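Heads up: the structure comes next, in structure tokens.
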Amino acid sequence: MEFNNTIPIYLQVINDIKHEIVAGGLMLGEKLPSGRELALKYKINPNTSNRIYKELEAEQLCFTKRGLGTFITENKETVVMIKKEMAEKLLNEFIEGMKKLGYTSKEIIEILQTKL
Amino acid sequence: MMLESKNIMKKYMMTTAIEDISLTIEPGMIYALLGPNGSGKTTFMKIAAGLTKPNKGVITYKGVPVGVESKKEIAFMPTEPFFYSYMNIADVGKYYMDFFEDFNIERYNALIERMDLLPKLKAKNLSSGMAAKLKIAATLARDAKIYMLDEPLNGIDVIARDKIITSILENAEDDKAMLISSHLVDELEKIIDYAIFIKRGRVELVGNVEEIREARNQSIVEVYKTIYA
Amino acid sequence: MLKLMKYEFKKQALTKGIMLALVAVIEVVFLIGVVVKTNEALFSIPLAIIMLVAFAAVLFVSIESVFTFSNDLKTKSSYMLFMTPYSSFTIIGAKLFVSFITLFLTGLAFLFLITGNFTLMAMRIGGVAEVRDMIALYLNEFWNIHISFYDVLRGVVWVLINFAVFITTAFVSMAISATVLANKRMKGLVSLIIFIILNLVFTGIANRIIHGDIWTSGYFWLSCGLNLIYLVATYYGTGWLLDRKISL
């Protein structure tokens with residue numbers, strides 16, 4: 001994975017993991033790699049990977065079972081919510097970008113209709 | 001803290017390599033030691049390794065000035081090739097095994113294989129890239145508490161750099177610290193906790209890299225450029 | 001320390017091998033000369049050469065530690081040696097021991113070789129007595145030596161002590177040049193000058209204390225004592241310099 005070194009690494013990896021959960025690459029309840037394994041997989045600092053799991057856990061995207069490892073949530077609603085959040089973010093960025101180019105809301109809708 | 005440098009000063013006949021360096025190295029962290037040629041990075045590492053004596057100041061490991069005892073737990077890898085010319089790769093392993101109790105020959109052999117090196121090759125016949133890989137294999141095969149790597153990525157091709165980064169990460173533990181100096185700042189960006197910038201023999205800045213990214217929206221490369229421009 | 005010694009030997013293995021090969025060649029010529037009934041020169045000349053080579057080889061092979069030390073300080077393989085968790089005193093001590101062992105083994109080996117050769121020659125010429133007489137004559141006429149056990153003892157002690165002092169003085173000279181005078185150029189020349197100066201100073205001091213021929217019994221052991229003090233001082237000096245002032 002290519003990283004942007006001007007943005008915190010942990011945020012980028014969290015984003016990547018969220019993508020995989022939403023897109024189905026990671027299944028509900030699936031076991032996640034250990035902190036060390038995650039660090040090696042993405043070639044990042046081990047402390048960063050620990051932080052990644054802490055954040056994901058705080059967002060209730062994953063949970064740790066003592067001695068067994070870290071697992072993705074089994075709660076479908078959480079995944080749906082994440083999907084909405086990520087879509088929202090993308091849409092906001094898109095709209096903002098289009099507005100900066102000078103498009104009006106009406107024009108944006110028209111373009112979208114032709115595209116999709 | 002594990003390693004503490006207190007007001008180190010080192011000068012040679014004509015030049016002052018280090019004016020005043022004070023810093024601490026904590027376990028569980030990976031540090032990048034950054035700065036242009038001649039800023040004092042290598043000299044600092046050599047002093048911490050007990051291979052050079054400072055004119056002033058002291059570096060302590062676990063509270064005791066570095067010396068014979070600290071050499072048993074601090075693994076230093078110099079930039080230059082340094083193995084005896086009569087040795088082949090297997091001999092290097094035996095040498096380390098003879099002198100360092102924390103040396104793990106299985107890890108050495110595994111690293112040698114990962115780097116595509118053969119045990120029978122003579123050290124003096126290795127290309128600069130292979131010699132660099134050999135140095136790293138020997139150093140990382142030690143189960144040391146502090147690793148100091150001086151330019152570990154120099155002369156290494158892009159593919160092998162990945163292998164070395166992986167090998168370095170495999171050695172990272174909560175009770176170990178790593179100090180890596182490199183010109184290839186962007187290669188190290190993802191794996192380090194802190195960046196130590198040395199300028200004209202002094203510590204210019206010590207920064208937590210993720211915090212720098214969060215606060216300044218800058219990469220370490222960009223910070224580097226602003227400091228040394 | 002044994003491990004340090006092991007690698008000191010390994011570093012010097014190549015030159016030993018070459019010397020061994022050389023001597024082996026000359027020895028083969030000698031053996032052929034002794035066995036085949038031809039010109040006496042075919043075995044007497046090789047024997048003479050071997051004795052000369054023995055003398056030179058024992059000398060060279062024993063001071064090789066000095067050359068190795070020079071390499072250890074000058075080249076990048078200094079890291080190899082000084083990164084090991086040993087004090088400089090131990091490192092230098094190991095080198096000294098290796099020098100002694102090398103001197104002893106090489107001397108012994110050549111002694112056996114030459115004795116064996118002389119025996120073979122005796123068998124060829126036809127009489128041990130003749131050979132012994134020949135040797136005694138040789139020593140007497142050319143070197144004016146009348147052997148006695150005490151002389152041999154003093155000779156051995158003299159060789160050992162001077163040998164050790166030579167090495168430690170060389171070590172400390174190189175250590176001074178490499179640390180205090182840390183100049184990159186002409187390190188060898190500077191070491192040599194320091195070596196000569198140290199020798200002159202010591203000899204000067206020794207001559208003040210001892211008035212007379214050291215081979216006169218009392219003075220011999222006094223001279224040895226002085227050399228011993230000097231030996232300890234230079235050994236300690238080398239170790240101290242390397243521990244305190246080294247800059248690789």
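Identifiers in the structure tokens: chain A, B, ... in order shown; residue index from 1 per chain; ligand index from 1 in order shown.
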- Query: Residues of chain B within 9 Å of chain C, using only C-alpha atoms, as an MDAnalysis selection string?
  - Reply: chainID B and resid 12:13 46:47 49:55 67:72 75:76 78 80:86 95:96 98:100
With C-alpha atoms kept, could you save the residues just selected as a PDB file, in the first residue's frame?
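Final file, selection-v2.pdb:
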ATOM      1  CA  TYR B  12      39.134  15.545  15.932  1.00  0.00           C
ATOM      2  CA  MET B  13      42.292  17.425  15.065  1.00  0.00           C
ATOM      3  CA  LYS B  46      30.359   4.998  17.528  1.00  0.00           C
ATOM      4  CA  ILE B  47      30.540   6.675  20.910  1.00  0.00           C
ATOM      5  CA  ALA B  49      28.945   1.629  20.793  1.00  0.00           C
ATOM      6  CA  GLY B  50      32.084   2.247  22.824  1.00  0.00           C
ATOM      7  CA  LEU B  51      34.274   2.423  19.748  1.00  0.00           C
ATOM      8  CA  THR B  52      35.150   6.077  20.151  1.00  0.00           C
ATOM      9  CA  LYS B  53      35.685   8.064  23.307  1.00  0.00           C
ATOM     10  CA  PRO B  54      34.155  11.535  23.589  1.00  0.00           C
ATOM     11  CA  ASN B  55      36.148  14.562  24.678  1.00  0.00           C
ATOM     12  CA  GLY B  67      31.879   0.007  27.753  1.00  0.00           C
ATOM     13  CA  VAL B  68      32.566  -3.693  27.812  1.00  0.00           C
ATOM     14  CA  GLU B  69      29.256  -4.594  29.432  1.00  0.00           C
ATOM     15  CA  SER B  70      27.070  -2.462  27.175  1.00  0.00           C
ATOM     16  CA  LYS B  71      28.691  -4.038  24.108  1.00  0.00           C
ATOM     17  CA  LYS B  72      26.974  -7.245  25.109  1.00  0.00           C
ATOM     18  CA  ALA B  75      24.456  -4.116  18.515  1.00  0.00           C
ATOM     19  CA  PHE B  76      26.101  -1.592  16.228  1.00  0.00           C
ATOM     20  CA  PRO B  78      28.834   0.525  10.850  1.00  0.00           C
ATOM     21  CA  GLU B  80      31.465   0.413   5.926  1.00  0.00           C
ATOM     22  CA  PRO B  81      32.193  -3.249   5.289  1.00  0.00           C
ATOM     23  CA  PHE B  82      34.383  -4.501   8.067  1.00  0.00           C
ATOM     24  CA  PHE B  83      34.646  -8.265   8.104  1.00  0.00           C
ATOM     25  CA  TYR B  84      38.053  -9.947   7.991  1.00  0.00           C
ATOM     26  CA  SER B  85      39.029 -10.604   4.399  1.00  0.00           C
ATOM     27  CA  TYR B  86      39.717 -14.289   4.912  1.00  0.00           C
ATOM     28  CA  TYR B  95      32.547 -15.154  14.711  1.00  0.00           C
ATOM     29  CA  TYR B  96      29.405 -13.481  15.988  1.00  0.00           C
ATOM     30  CA  ASP B  98      31.719 -16.863  19.432  1.00  0.00           C
ATOM     31  CA  PHE B  99      31.634 -13.356  20.805  1.00  0.00           C
ATOM     32  CA  PHE B 100      27.984 -12.498  21.340  1.00  0.00           C
TER      33      PHE B 100
END
- Message: Using DSSP secondary structure from the backbone, list all alpha helix (DSSP H) positions within stretch 56-181 of chain C, as a PyMOL selection string.
- Response: chain C and resi 56-74+78-82+88-125+128-138+149-178
Mind writing the picked residues with C-alpha atoms as an mmCIF file, in the first residue's frame?
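Produced file result_26.cif, reproduced below:
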data_model
loop_
_atom_site.group_PDB
_atom_site.id
_atom_site.type_symbol
_atom_site.label_atom_id
_atom_site.label_comp_id
_atom_site.auth_asym_id
_atom_site.auth_seq_id
_atom_site.Cartn_x
_atom_site.Cartn_y
_atom_site.Cartn_z
ATOM 1 C CA ALA C 56 64.208 -15.604 9.650
ATOM 2 C CA ALA C 57 60.881 -17.389 9.861
ATOM 3 C CA VAL C 58 60.909 -17.666 13.622
ATOM 4 C CA LEU C 59 61.572 -13.965 13.755
ATOM 5 C CA PHE C 60 58.944 -12.934 11.251
ATOM 6 C CA VAL C 61 56.262 -15.317 12.291
ATOM 7 C CA SER C 62 56.519 -14.209 15.879
ATOM 8 C CA ILE C 63 56.275 -10.507 15.229
ATOM 9 C CA GLU C 64 53.417 -10.991 12.844
ATOM 10 C CA SER C 65 51.178 -9.960 15.712
ATOM 11 C CA VAL C 66 52.598 -6.491 15.299
ATOM 12 C CA PHE C 67 51.566 -6.366 11.651
ATOM 13 C CA THR C 68 48.160 -7.775 12.515
ATOM 14 C CA PHE C 69 47.726 -5.125 15.177
ATOM 15 C CA SER C 70 48.608 -2.456 12.665
ATOM 16 C CA ASN C 71 45.881 -3.777 10.401
ATOM 17 C CA ASP C 72 43.502 -3.953 13.303
ATOM 18 C CA LEU C 73 44.017 -0.280 13.977
ATOM 19 C CA LYS C 74 44.255 1.037 10.464
ATOM 20 C CA SER C 78 39.107 -2.604 13.608
ATOM 21 C CA TYR C 79 35.361 -2.684 14.184
ATOM 22 C CA MET C 80 35.488 -6.437 14.119
ATOM 23 C CA LEU C 81 37.946 -6.575 16.961
ATOM 24 C CA PHE C 82 36.876 -3.698 19.154
ATOM 25 C CA SER C 88 41.571 -3.544 25.581
ATOM 26 C CA PHE C 89 43.818 -5.205 28.139
ATOM 27 C CA THR C 90 42.291 -8.567 27.351
ATOM 28 C CA ILE C 91 42.567 -7.959 23.621
ATOM 29 C CA ILE C 92 46.243 -7.018 23.844
ATOM 30 C CA GLY C 93 46.902 -9.857 26.246
ATOM 31 C CA ALA C 94 45.467 -12.312 23.772
ATOM 32 C CA LYS C 95 47.771 -10.977 21.070
ATOM 33 C CA LEU C 96 50.771 -11.344 23.337
ATOM 34 C CA PHE C 97 49.909 -14.918 24.207
ATOM 35 C CA VAL C 98 49.458 -15.773 20.550
ATOM 36 C CA SER C 99 52.862 -14.295 19.777
ATOM 37 C CA PHE C 100 54.495 -16.394 22.472
ATOM 38 C CA ILE C 101 52.759 -19.551 21.403
ATOM 39 C CA THR C 102 53.669 -18.917 17.800
ATOM 40 C CA LEU C 103 57.279 -18.280 18.695
ATOM 41 C CA PHE C 104 57.388 -21.427 20.785
ATOM 42 C CA LEU C 105 55.695 -23.689 18.253
ATOM 43 C CA THR C 106 57.611 -22.366 15.278
ATOM 44 C CA GLY C 107 60.904 -22.610 17.131
ATOM 45 C CA LEU C 108 60.092 -26.130 18.218
ATOM 46 C CA ALA C 109 58.981 -27.194 14.778
ATOM 47 C CA PHE C 110 62.132 -25.935 13.154
ATOM 48 C CA LEU C 111 64.237 -27.465 15.895
ATOM 49 C CA PHE C 112 62.742 -30.879 15.200
ATOM 50 C CA LEU C 113 63.035 -30.386 11.473
ATOM 51 C CA ILE C 114 66.681 -29.414 11.600
ATOM 52 C CA THR C 115 67.550 -32.079 14.128
ATOM 53 C CA GLY C 116 65.803 -34.634 11.974
ATOM 54 C CA ASN C 117 67.602 -33.387 8.909
ATOM 55 C CA PHE C 118 70.958 -33.555 10.641
ATOM 56 C CA THR C 119 70.208 -37.098 11.739
ATOM 57 C CA LEU C 120 69.368 -38.085 8.195
ATOM 58 C CA MET C 121 72.497 -36.395 6.994
ATOM 59 C CA ALA C 122 74.487 -38.249 9.602
ATOM 60 C CA MET C 123 73.048 -41.517 8.412
ATOM 61 C CA ARG C 124 73.932 -40.582 4.878
ATOM 62 C CA ILE C 125 77.471 -39.477 5.638
ATOM 63 C CA VAL C 128 76.517 -39.358 14.226
ATOM 64 C CA ALA C 129 79.815 -38.615 15.887
ATOM 65 C CA GLU C 130 81.101 -37.078 12.719
ATOM 66 C CA VAL C 131 78.047 -34.877 12.458
ATOM 67 C CA ARG C 132 78.229 -33.822 16.086
ATOM 68 C CA ASP C 133 81.863 -32.933 15.682
ATOM 69 C CA MET C 134 81.001 -31.076 12.539
ATOM 70 C CA ILE C 135 78.386 -29.046 14.358
ATOM 71 C CA ALA C 136 80.631 -28.320 17.306
ATOM 72 C CA LEU C 137 83.339 -27.232 14.897
ATOM 73 C CA TYR C 138 80.880 -25.056 13.010
ATOM 74 C CA PHE C 149 73.085 -25.514 30.137
ATOM 75 C CA TYR C 150 73.117 -22.255 32.082
ATOM 76 C CA ASP C 151 74.009 -20.396 28.939
ATOM 77 C CA VAL C 152 71.122 -22.003 27.135
ATOM 78 C CA LEU C 153 68.755 -21.033 29.922
ATOM 79 C CA ARG C 154 69.900 -17.444 29.926
ATOM 80 C CA GLY C 155 69.771 -17.411 26.158
ATOM 81 C CA VAL C 156 66.171 -18.574 26.158
ATOM 82 C CA VAL C 157 65.117 -16.100 28.840
ATOM 83 C CA TRP C 158 66.894 -13.293 27.026
ATOM 84 C CA VAL C 159 65.156 -14.135 23.779
ATOM 85 C CA LEU C 160 61.737 -14.378 25.409
ATOM 86 C CA ILE C 161 61.983 -11.149 27.341
ATOM 87 C CA ASN C 162 63.393 -9.105 24.503
ATOM 88 C CA PHE C 163 60.835 -10.595 22.188
ATOM 89 C CA ALA C 164 57.975 -9.647 24.503
ATOM 90 C CA VAL C 165 59.369 -6.162 25.038
ATOM 91 C CA PHE C 166 59.767 -5.689 21.290
ATOM 92 C CA ILE C 167 56.124 -6.513 20.761
ATOM 93 C CA THR C 168 54.693 -4.448 23.584
ATOM 94 C CA THR C 169 56.828 -1.462 22.604
ATOM 95 C CA ALA C 170 55.572 -1.810 19.045
ATOM 96 C CA PHE C 171 52.002 -2.059 20.347
ATOM 97 C CA VAL C 172 52.263 1.025 22.495
ATOM 98 C CA SER C 173 53.946 2.974 19.690
ATOM 99 C CA MET C 174 51.115 2.140 17.347
ATOM 100 C CA ALA C 175 48.558 2.862 20.049
ATOM 101 C CA ILE C 176 50.080 6.291 20.666
ATOM 102 C CA SER C 177 50.140 7.044 16.959
ATOM 103 C CA ALA C 178 46.545 5.915 16.543
#
- From a DSSP calculation on the backbone, collect every residue of stretch 20-218 of chain B in strand (DSSP E) and output the set as a count of residues only. 46
- Query: Can you list, as a PyMOL selection string, every protein, DNA or RNA residue that comes within 9 Å of C:Asn227 when you count only C-alpha atoms, leaving out same-chain residues fewer than 2 positions away?
  - Reply: chain C and resi 161-162+165+202+206+222-225+229-232
- Task: Compute the set of chain A residues within 10 Å of chain B, using only C-alpha atoms, and express it as JSON, numbers by chain.
- Result: {"A": [3, 4, 5, 6, 7, 8, 9, 10, 11, 36, 37, 39, 40, 41, 42, 43, 44, 45, 46, 47, 48]}
Would you put the residues from that selection into a file with N, CA and C atoms, as a PDB file, in the first residue's frame?
ATOM      1  N   PHE A   3       1.675   4.931   0.905  1.00  0.00           N
ATOM      2  CA  PHE A   3       1.258   5.857   1.952  1.00  0.00           C
ATOM      3  C   PHE A   3       1.547   7.296   1.593  1.00  0.00           C
ATOM      4  N   ASN A   4       0.707   8.149   2.093  1.00  0.00           N
ATOM      5  CA  ASN A   4       0.963   9.579   2.013  1.00  0.00           C
ATOM      6  C   ASN A   4       1.623   9.963   3.332  1.00  0.00           C
ATOM      7  N   ASN A   5       2.868  10.352   3.255  1.00  0.00           N
ATOM      8  CA  ASN A   5       3.608  10.601   4.483  1.00  0.00           C
ATOM      9  C   ASN A   5       3.285  11.923   5.172  1.00  0.00           C
ATOM     10  N   THR A   6       2.346  12.685   4.602  1.00  0.00           N
ATOM     11  CA  THR A   6       2.010  13.934   5.276  1.00  0.00           C
ATOM     12  C   THR A   6       0.782  13.781   6.167  1.00  0.00           C
ATOM     13  N   ILE A   7       0.114  12.636   6.017  1.00  0.00           N
ATOM     14  CA  ILE A   7      -1.057  12.351   6.854  1.00  0.00           C
ATOM     15  C   ILE A   7      -0.702  11.211   7.802  1.00  0.00           C
ATOM     16  N   PRO A   8      -1.202  11.257   9.032  1.00  0.00           N
ATOM     17  CA  PRO A   8      -0.879  10.160   9.961  1.00  0.00           C
ATOM     18  C   PRO A   8      -1.102   8.790   9.339  1.00  0.00           C
ATOM     19  N   ILE A   9      -0.097   7.929   9.509  1.00  0.00           N
ATOM     20  CA  ILE A   9      -0.140   6.593   8.930  1.00  0.00           C
ATOM     21  C   ILE A   9      -1.318   5.802   9.493  1.00  0.00           C
ATOM     22  N   TYR A  10      -1.539   5.939  10.808  1.00  0.00           N
ATOM     23  CA  TYR A  10      -2.558   5.101  11.425  1.00  0.00           C
ATOM     24  C   TYR A  10      -3.937   5.375  10.826  1.00  0.00           C
ATOM     25  N   LEU A  11      -4.191   6.631  10.470  1.00  0.00           N
ATOM     26  CA  LEU A  11      -5.486   6.958   9.864  1.00  0.00           C
ATOM     27  C   LEU A  11      -5.636   6.276   8.511  1.00  0.00           C
ATOM     28  N   ARG A  36       1.712  -7.198  15.635  1.00  0.00           N
ATOM     29  CA  ARG A  36       2.987  -7.378  14.964  1.00  0.00           C
ATOM     30  C   ARG A  36       2.795  -7.766  13.505  1.00  0.00           C
ATOM     31  N   GLU A  37       1.856  -8.686  13.287  1.00  0.00           N
ATOM     32  CA  GLU A  37       1.607  -9.140  11.920  1.00  0.00           C
ATOM     33  C   GLU A  37       1.100  -7.988  11.060  1.00  0.00           C
ATOM     34  N   ALA A  39       1.807  -4.855  11.512  1.00  0.00           N
ATOM     35  CA  ALA A  39       2.963  -3.986  11.254  1.00  0.00           C
ATOM     36  C   ALA A  39       3.783  -4.522  10.091  1.00  0.00           C
ATOM     37  N   LEU A  40       3.987  -5.833  10.069  1.00  0.00           N
ATOM     38  CA  LEU A  40       4.780  -6.430   9.000  1.00  0.00           C
ATOM     39  C   LEU A  40       4.041  -6.394   7.675  1.00  0.00           C
ATOM     40  N   LYS A  41       2.731  -6.576   7.743  1.00  0.00           N
ATOM     41  CA  LYS A  41       1.944  -6.592   6.509  1.00  0.00           C
ATOM     42  C   LYS A  41       1.996  -5.236   5.807  1.00  0.00           C
ATOM     43  N   TYR A  42       1.826  -4.180   6.584  1.00  0.00           N
ATOM     44  CA  TYR A  42       1.814  -2.842   5.985  1.00  0.00           C
ATOM     45  C   TYR A  42       3.184  -2.187   6.007  1.00  0.00           C
ATOM     46  N   LYS A  43       4.136  -2.862   6.625  1.00  0.00           N
ATOM     47  CA  LYS A  43       5.491  -2.336   6.808  1.00  0.00           C
ATOM     48  C   LYS A  43       5.449  -1.002   7.552  1.00  0.00           C
ATOM     49  N   ILE A  44       4.801  -1.047   8.705  1.00  0.00           N
ATOM     50  CA  ILE A  44       4.717   0.161   9.526  1.00  0.00           C
ATOM     51  C   ILE A  44       5.239  -0.110  10.928  1.00  0.00           C
ATOM     52  N   ASN A  45       5.384   0.933  11.688  1.00  0.00           N
ATOM     53  CA  ASN A  45       5.863   0.857  13.052  1.00  0.00           C
ATOM     54  C   ASN A  45       4.896   0.056  13.936  1.00  0.00           C
ATOM     55  N   PRO A  46       5.402  -0.839  14.759  1.00  0.00           N
ATOM     56  CA  PRO A  46       4.544  -1.688  15.600  1.00  0.00           C
ATOM     57  C   PRO A  46       3.678  -0.899  16.573  1.00  0.00           C
ATOM     58  N   ASN A  47       4.189   0.208  17.095  1.00  0.00           N
ATOM     59  CA  ASN A  47       3.374   1.019  17.999  1.00  0.00           C
ATOM     60  C   ASN A  47       2.190   1.620  17.253  1.00  0.00           C
ATOM     61  N   THR A  48       2.423   1.976  15.989  1.00  0.00           N
ATOM     62  CA  THR A  48       1.335   2.507  15.167  1.00  0.00           C
ATOM     63  C   THR A  48       0.252   1.460  14.991  1.00  0.00           C
TER      64      THR A  48
END
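The protein and nucleic acid residues lying at most 10 Å from A:Gln60 are A:Lys54, A:Glu55, A:Leu56, A:Glu57, A:Phe63, A:Ile72, A:Thr73, A:Asn75, A:Thr78, A:Val79, with only C-alpha atoms considered and sequence neighbours fewer than 3 positions away removed.
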- Task: Excluding C:Ile26 and residues on its chain fewer than 3 positions from it, collect all residues at most 12 Å away from it, counting only C-alpha atoms, and give them as number ranges by chain.
- Result: C: 19-23, 29-33, 42-54, 113, 117
- Query: In Å, how far is it from atom CA of B:Ile180 to atom CA of B:Pro152?
  - Reply: 7.5 Å
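The two atoms in question, atom CA of B:Ile146 and atom CA of A:Met1, are spaced 29.0 Å apart.
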